[in-house]
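A.B. asks: Got a structure here, written out as structure tokens. Questions coming.
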Amino acid sequence: MSELRFSLADVAGVRLAVSPANETVMSMWALASPVHYAVHLPWIDRARVTLRRPEVAGRVRPLVELARPRCWLPDFLTPAARPNVEMAEQLDQIAATPPDVVVQDLLATTPRRPLSAYGRALLTEPRELLPQLVDAVRVWYDEAIAPDWPRMRALLDADVAYRAAQLAEGGAGQFFEQLHPSLRWHGDRVVSDDPFERDFDLRGRGLALNPTVFTERRVLWNLLEDSLPAGAYPVRAVGTLWEATGTPAGDPLARVIGPGRAALLHLLDTAATTTDLARLAGMSAGNVSQHLAALHAAGLVHRSRQGRHVLYRNTDAARVLLRASRGG
């Protein structure tokens, strides 16, 4: 069981963001243990082919050795993300990790399993070997994550918007209890039903929370209290991530309202922003906006503002049409 102790400043400092570095590093777990990540098999099949390429395998080896299944990750390798952070910025942040922090974070991972050969070498020569690890993360992102990043990002952004609305409407206690079944809010702390036995005093630094597609079952916290407080939690609707986008072949609804608008209705079982829909449907944001305006005028989509985001979702009328077009 883990506990995170909050002050008023920490409650006010809860923030949500998408971390491309987290996805890149944690994706190695799925690659190494596909039986536990069956939902990602379409990606795993492609990623394995990529990793077999000699020009990729050698450069990515340091990341493969550090991000092993059932092993803790050093905190510096999954830095707390801020809103709208880009991969290049997170790579620079990892590269700037002081050698003593690299050593400290690596040592914190050893209670569960010993370090790999590369991990032991990095422990003794952090300044010399850290650039190899940064290059490994960069190469793996470019080769295996970037081609699917728009699809992943759309799902993650939709989750951030949904959770932000929960936090605004229900407050911190309700927000954490809805974030994951293992979390409970007790007075001034979050209690996490997990095997990690972490105990953190956030000390006014707030808490960065990142949805991730590659977290299997639990919320994962920083290992060290001195690290910037952060947690990675399983994203909602991950089962839809690798579904084919667009209008199903032969969709009768497309013949009535047009393929573009039908494609959007098929995607709006879950609330999404215009940007989300553009990425998922492969349309321009302008085209999506035009279709949404027409669907809203026809009473087929509902829109609501959540902070800086406008979320769209199917109305009951749209759901009736979709059930009919899907054969039931």
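Chain labels follow the order of the structure tokens: the first chain is A, the next B, and so on; residue numbering restarts at 1 in every chain, and ligands are counted from 1 in their shown order.
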Please return as a ChimeraX atom specification: the residues of range 43-80 of chain A that backbone DSSP assigns to helix (DSSP H, G or I).
C.D. replies: /A:43-52,54-66,75-77
A.B. asks: Write out as a short mmCIF file (atom, residue, chain, number, x, y, z; two decimals) with N, CA, C and O atoms, in the first residue's frame which residues come within 10 Å of Phe196 in chain A when counting only C-alpha atoms, dropping same-chain ones fewer than 5 positions away.
C.D. replies:
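Below you can see part_27.cif, which holds the result:
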```cif
data_model
loop_
_atom_site.label_atom_id
_atom_site.label_comp_id
_atom_site.auth_asym_id
_atom_site.auth_seq_id
_atom_site.Cartn_x
_atom_site.Cartn_y
_atom_site.Cartn_z
N MET A 1 0.85 -1.20 0.00
CA MET A 1 0.00 0.00 0.00
C MET A 1 0.88 1.24 0.00
O MET A 1 1.89 1.30 0.70
N SER A 2 0.53 2.24 -0.82
CA SER A 2 1.26 3.51 -0.89
C SER A 2 0.37 4.65 -0.40
O SER A 2 -0.86 4.57 -0.51
N GLU A 3 1.01 5.69 0.12
CA GLU A 3 0.29 6.86 0.58
C GLU A 3 0.96 8.12 0.06
O GLU A 3 2.18 8.23 0.06
N TRP A 72 11.08 -1.85 -11.73
CA TRP A 72 10.81 -0.44 -11.52
C TRP A 72 11.65 0.39 -12.48
O TRP A 72 12.78 0.01 -12.84
N ARG A 112 13.49 -4.78 -6.16
CA ARG A 112 12.66 -5.80 -6.80
C ARG A 112 13.48 -6.76 -7.65
O ARG A 112 13.30 -7.97 -7.59
N LEU A 220 1.11 4.01 -11.25
CA LEU A 220 2.53 3.90 -10.95
C LEU A 220 3.06 5.25 -10.46
O LEU A 220 2.87 6.26 -11.14
N TRP A 221 3.70 5.24 -9.31
CA TRP A 221 4.19 6.48 -8.70
C TRP A 221 5.70 6.59 -8.83
O TRP A 221 6.39 5.60 -9.08
N LEU A 223 9.44 6.69 -7.49
CA LEU A 223 10.03 5.85 -6.46
C LEU A 223 10.56 6.67 -5.29
O LEU A 223 10.53 6.23 -4.15
#
```
A.B. asks: If we count only C-alpha atoms, what is near Gly13 in chain A at a cut-off of 8 Å, once residues fewer than 4 positions away on the same chain are taken out, given as an MDAnalysis selection string?
C.D. replies: chainID A and resid 9 204:207
A.B. asks: Keeping only all heavy atoms, write the selected residues to a file as a PDB file, in the first residue's frame.
C.D. replies:
```pdb
ATOM      1  N   ALA A   9      -1.758  23.381  -0.729  1.00  0.00           N
ATOM      2  CA  ALA A   9      -1.014  23.745  -1.942  1.00  0.00           C
ATOM      3  C   ALA A   9      -0.906  22.563  -2.899  1.00  0.00           C
ATOM      4  O   ALA A   9      -0.944  22.742  -4.121  1.00  0.00           O
ATOM      5  CB  ALA A   9       0.379  24.253  -1.576  1.00  0.00           C
ATOM      6  N   GLY A 204       3.996  20.531  -0.882  1.00  0.00           N
ATOM      7  CA  GLY A 204       3.640  21.729  -1.620  1.00  0.00           C
ATOM      8  C   GLY A 204       4.041  21.744  -3.076  1.00  0.00           C
ATOM      9  O   GLY A 204       3.892  22.765  -3.750  1.00  0.00           O
ATOM     10  N   ARG A 205       4.535  20.631  -3.586  1.00  0.00           N
ATOM     11  CA  ARG A 205       4.999  20.578  -4.986  1.00  0.00           C
ATOM     12  C   ARG A 205       3.893  20.170  -5.950  1.00  0.00           C
ATOM     13  O   ARG A 205       4.110  20.143  -7.169  1.00  0.00           O
ATOM     14  CB  ARG A 205       6.167  19.605  -5.099  1.00  0.00           C
ATOM     15  CG  ARG A 205       7.413  20.038  -4.328  1.00  0.00           C
ATOM     16  CD  ARG A 205       8.453  18.947  -4.278  1.00  0.00           C
ATOM     17  NE  ARG A 205       7.975  17.794  -3.511  1.00  0.00           N
ATOM     18  CZ  ARG A 205       8.596  16.616  -3.476  1.00  0.00           C
ATOM     19  NH1 ARG A 205       9.705  16.438  -4.173  1.00  0.00           N
ATOM     20  NH2 ARG A 205       8.096  15.629  -2.748  1.00  0.00           N
ATOM     21  N   GLY A 206       2.703  19.837  -5.433  1.00  0.00           N
ATOM     22  CA  GLY A 206       1.628  19.390  -6.311  1.00  0.00           C
ATOM     23  C   GLY A 206       1.883  17.979  -6.809  1.00  0.00           C
ATOM     24  O   GLY A 206       2.785  17.278  -6.342  1.00  0.00           O
ATOM     25  N   LEU A 207       1.094  17.552  -7.783  1.00  0.00           N
ATOM     26  CA  LEU A 207       1.192  16.190  -8.312  1.00  0.00           C
ATOM     27  C   LEU A 207       0.852  16.202  -9.792  1.00  0.00           C
ATOM     28  O   LEU A 207      -0.220  16.638 -10.195  1.00  0.00           O
ATOM     29  CB  LEU A 207       0.237  15.259  -7.571  1.00  0.00           C
ATOM     30  CG  LEU A 207       0.180  13.802  -8.039  1.00  0.00           C
ATOM     31  CD1 LEU A 207       1.513  13.096  -7.774  1.00  0.00           C
ATOM     32  CD2 LEU A 207      -0.955  13.053  -7.338  1.00  0.00           C
TER      33      LEU A 207
END
```
A.B. asks: Near Asp188 in chain A, within 9 Å and counting only C-alpha atoms, which residues show up once chain neighbours fewer than 4 positions away are dropped, as a ChimeraX atom specification?
C.D. replies: /A:4-8
A.B. asks: Please identify all polymer residues within 12 Å of Gly286 in chain A, counting only C-alpha atoms, omitting same-chain residues fewer than 5 positions from it, and present them as a PDB file with C-alpha atoms, in the first residue's frame.
C.D. replies:
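Wrote out.pdb, looks like this:
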```pdb
ATOM      1  CA  THR A 274     -12.245  18.764 -32.535  1.00  0.00           C
ATOM      2  CA  THR A 275      -8.497  18.130 -32.421  1.00  0.00           C
ATOM      3  CA  LEU A 277     -11.478  13.860 -33.971  1.00  0.00           C
ATOM      4  CA  ALA A 278      -9.234  15.329 -36.647  1.00  0.00           C
ATOM      5  CA  HIS A 291     -19.340  18.442 -39.925  1.00  0.00           C
ATOM      6  CA  LEU A 292     -19.802  18.946 -36.167  1.00  0.00           C
ATOM      7  CA  ALA A 293     -21.738  22.166 -36.727  1.00  0.00           C
TER       8      ALA A 293
END
```
A.B. asks: As a ChimeraX atom specification, please: all residues of range 133-216 of chain A that backbone DSSP puts in strand (DSSP E).
C.D. replies: /A:183-186,189-192,199-201,207-212
A.B. asks: Would you compute the distance between CA of Val219 in chain A and CA of Leu115 in chain A? Give it in Å to one decimal.
C.D. replies: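 Between CA of Val219 in chain A and CA of Leu115 in chain A the gap works out to 22.7 Å.
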A.B. asks: How many Å lie between CA of Ala121 in chain A and CA of Pro99 in chain A, rounded to one decimal?
C.D. replies: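 The value is 12.7 Å.
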A.B. asks: Give me the residues of range 214-265 of chain A that have any atom at most 9 Å from an atom of range 139-159 of chain A; for each, the nearest atom pair and the distance in Å, rounded to one decimal. Use only C-alpha atoms, sort by chain and number, and format it as JSON lines.
C.D. replies:
```
{"residue": "A:Val235", "atom": "CA", "partner": "A:Asp159", "partner_atom": "CA", "distance": 6.5}
{"residue": "A:Arg236", "atom": "CA", "partner": "A:Asp159", "partner_atom": "CA", "distance": 6.3}
{"residue": "A:Ala237", "atom": "CA", "partner": "A:Leu155", "partner_atom": "CA", "distance": 7.8}
{"residue": "A:Val238", "atom": "CA", "partner": "A:Leu155", "partner_atom": "CA", "distance": 7.7}
{"residue": "A:Thr240", "atom": "CA", "partner": "A:Leu155", "partner_atom": "CA", "distance": 8.7}
{"residue": "A:Leu241", "atom": "CA", "partner": "A:Met152", "partner_atom": "CA", "distance": 6.9}
{"residue": "A:Trp242", "atom": "CA", "partner": "A:Arg151", "partner_atom": "CA", "distance": 8.3}
```
A.B. asks: Output N, CA, C and O atoms of each residue in that selection to a file, as an mmCIF file, in the first residue's frame.
C.D. replies:
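Written output follows (part17.cif):
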```cif
data_model
loop_
_atom_site.group_PDB
_atom_site.id
_atom_site.type_symbol
_atom_site.label_atom_id
_atom_site.label_comp_id
_atom_site.auth_asym_id
_atom_site.auth_seq_id
_atom_site.Cartn_x
_atom_site.Cartn_y
_atom_site.Cartn_z
ATOM 1 N N VAL A 235 -5.136 4.797 -19.099
ATOM 2 C CA VAL A 235 -6.051 5.651 -19.834
ATOM 3 C C VAL A 235 -7.401 4.954 -20.021
ATOM 4 O O VAL A 235 -7.480 3.719 -20.071
ATOM 5 N N ARG A 236 -8.464 5.723 -20.107
ATOM 6 C CA ARG A 236 -9.788 5.182 -20.399
ATOM 7 C C ARG A 236 -9.858 4.708 -21.855
ATOM 8 O O ARG A 236 -9.176 5.230 -22.724
ATOM 9 N N ALA A 237 -10.725 3.732 -22.087
ATOM 10 C CA ALA A 237 -11.068 3.288 -23.450
ATOM 11 C C ALA A 237 -9.865 2.827 -24.256
ATOM 12 O O ALA A 237 -9.834 2.966 -25.473
ATOM 13 N N VAL A 238 -8.863 2.236 -23.583
ATOM 14 C CA VAL A 238 -7.679 1.796 -24.317
ATOM 15 C C VAL A 238 -8.024 0.716 -25.335
ATOM 16 O O VAL A 238 -7.324 0.553 -26.347
ATOM 17 N N THR A 240 -10.158 0.802 -27.519
ATOM 18 C CA THR A 240 -10.502 1.394 -28.813
ATOM 19 C C THR A 240 -9.279 1.896 -29.578
ATOM 20 O O THR A 240 -9.411 2.352 -30.715
ATOM 21 N N LEU A 241 -8.090 1.828 -28.955
ATOM 22 C CA LEU A 241 -6.919 2.495 -29.520
ATOM 23 C C LEU A 241 -6.574 2.015 -30.917
ATOM 24 O O LEU A 241 -6.246 2.818 -31.800
ATOM 25 N N TRP A 242 -6.612 0.713 -31.126
ATOM 26 C CA TRP A 242 -6.160 0.186 -32.413
ATOM 27 C C TRP A 242 -7.308 -0.194 -33.331
ATOM 28 O O TRP A 242 -7.106 -0.866 -34.337
#
```
